[in-house]
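S.K.: What follows is a single structure, and I will ask about it in a moment.
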Amino acid sequence: MVKVGVILSGCGVYDGSEIYESVLTLLALARAGAEVVACAPDVDQMHVIDHRTGEPTGETRNVLTESARIVRGDIRDVRDVSADELDAVILPGGFGAAKNLSDFAVNGADAKPQPDVAKLVGDMLKAKKPIAALCIAPATLAAICRDAGVEAGVTIGNEAAVAEKIAGMGARHLECPVDEFRVDEENRLITSPAYMLAGGIAEAAVGIEKTVAELVRMAR
């Protein structure tokens, strides 16, 4: 059975993992017969957003604790997950991927990845195990690859301003429609735009399901 790490970044599109993307990923992995290892960094979120108003609340919340909501509590600290125990890894999107898994949302091309996330993903890169990322998460993946001396090929769809920042990290941005994915064969990276382009859950599901299928195929 293929064992796939799912790296979450909180719970909610504006300050954590995009919930639809996360659940679609988990569903596609379950249907593919993969074993999931959900994980997240045990750190405070950059901030907490009221998802009704879009405004910061002033609260403090923990990324690991909030991520546990999505996976019914079955989650581990990413620091305790080893690349040796995984066959593949995937990062769903949501602003948390660019706020809590890295600081891309604030620092753009100068982004620094969260150290524990960078360690796991970096070890997967070295081991040539496949890595997938959705929505804005490829920006964090690009930062990790830059620090590992790897020229990544990733997509966030076709948004020029974000693509320019990704290129500023030394990565190659590959344009991609919402219902497809792009593969960096050399580095075994699979990325898809999801809600960077999707107008709804059904549209997002198409590219996510294809991405997960390719991830599992490569892991086997």
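We name chains A, B, ... following the order of the structure tokens; residues begin at 1 in each chain, and ligands are numbered from 1 as shown.
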Please provide as a list in words all residues within 12 Å of Gly200 (chain A), with the sequence filter that same-chain residues fewer than 4 positions apart are discarded (counting only C-alpha atoms).

M.R.: Tyr20, Glu21, Val178, Asp179, Ala194, Tyr195, Met196, Ala204, Ala205 and Val206 of chain A

S.K.: Out of region 3-177 of chain A, which residues get strand (DSSP E) from DSSP, as a list in words?

M.R.: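 Across region 3-177 of chain A, those assigned strand (DSSP E) are Lys3, Val4, Gly5, Val6, Ile7, Glu35, Val36, Val37, Ala38, Cys39, Ala40, Arg76, Asp77, Ala88, Val89, Ile90, Leu91, Ile131, Ala132, Ala133, Leu134, Gly153, Val154, Arg172 and His173 of chain A.
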
S.K.: So that I can check the surroundings of Leu27 (chain A), please list as a list of chain:residue names every protein, DNA and RNA residue that reaches within 12 Å of it, counting only C-alpha atoms and ignoring chain neighbours fewer than 2 positions away.

M.R.: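 With the cut-off at 12 Å, the set is A:Val6, A:Tyr20, A:Glu21, A:Ser22, A:Val23, A:Leu24, A:Thr25, A:Leu29, A:Ala30, A:Arg31, A:Ala32, A:Gly33, A:Ala34, A:Glu35, A:Val36, A:Ile70, A:Val71, A:Ala205, A:Ile208, A:Glu209, A:Val212, A:Ala213.
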
S.K.: So, with only C-alpha atoms as the atoms that count, which of A:Glu214, A:Glu164, A:Asp15, A:Asp77 lies closest to Ile190 (chain A)?

M.R.: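 Comparing A:Glu214, A:Glu164, A:Asp15, A:Asp77 against Ile190 (chain A), the winner is A:Glu214.
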
S.K.: Write out as a list in words each polymer residue whose atoms come within 8 Å of Tyr14 (chain A), counting only C-alpha atoms; drop sequence neighbours fewer than 6 positions from it.

M.R.: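 Answer for this query is Ile49, His51, Gly54, Gly94, Phe95 and Gly96 of chain A.
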
S.K.: Run DSSP on the backbone and tell me which residues of region 86-131 of chain A come out as helix (DSSP H, G or I); list them as a ChimeraX atom specification.

M.R.: /A:96-99,104-110,115-126

S.K.: For a quick check of understanding, using only C-alpha atoms, which of A:Val78, A:Val43, A:Val106, A:Val13 has the smallest distance to Asn62 (chain A)?

M.R.: A:Val43

S.K.: Report, in Å to a single decimal, how far apart CA of Lys99 (chain A) and CA of Ala160 (chain A) are.

M.R.: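 Atom-to-atom, CA of Ala160 (chain A) to CA of Lys99 (chain A), that is 19.9 Å.
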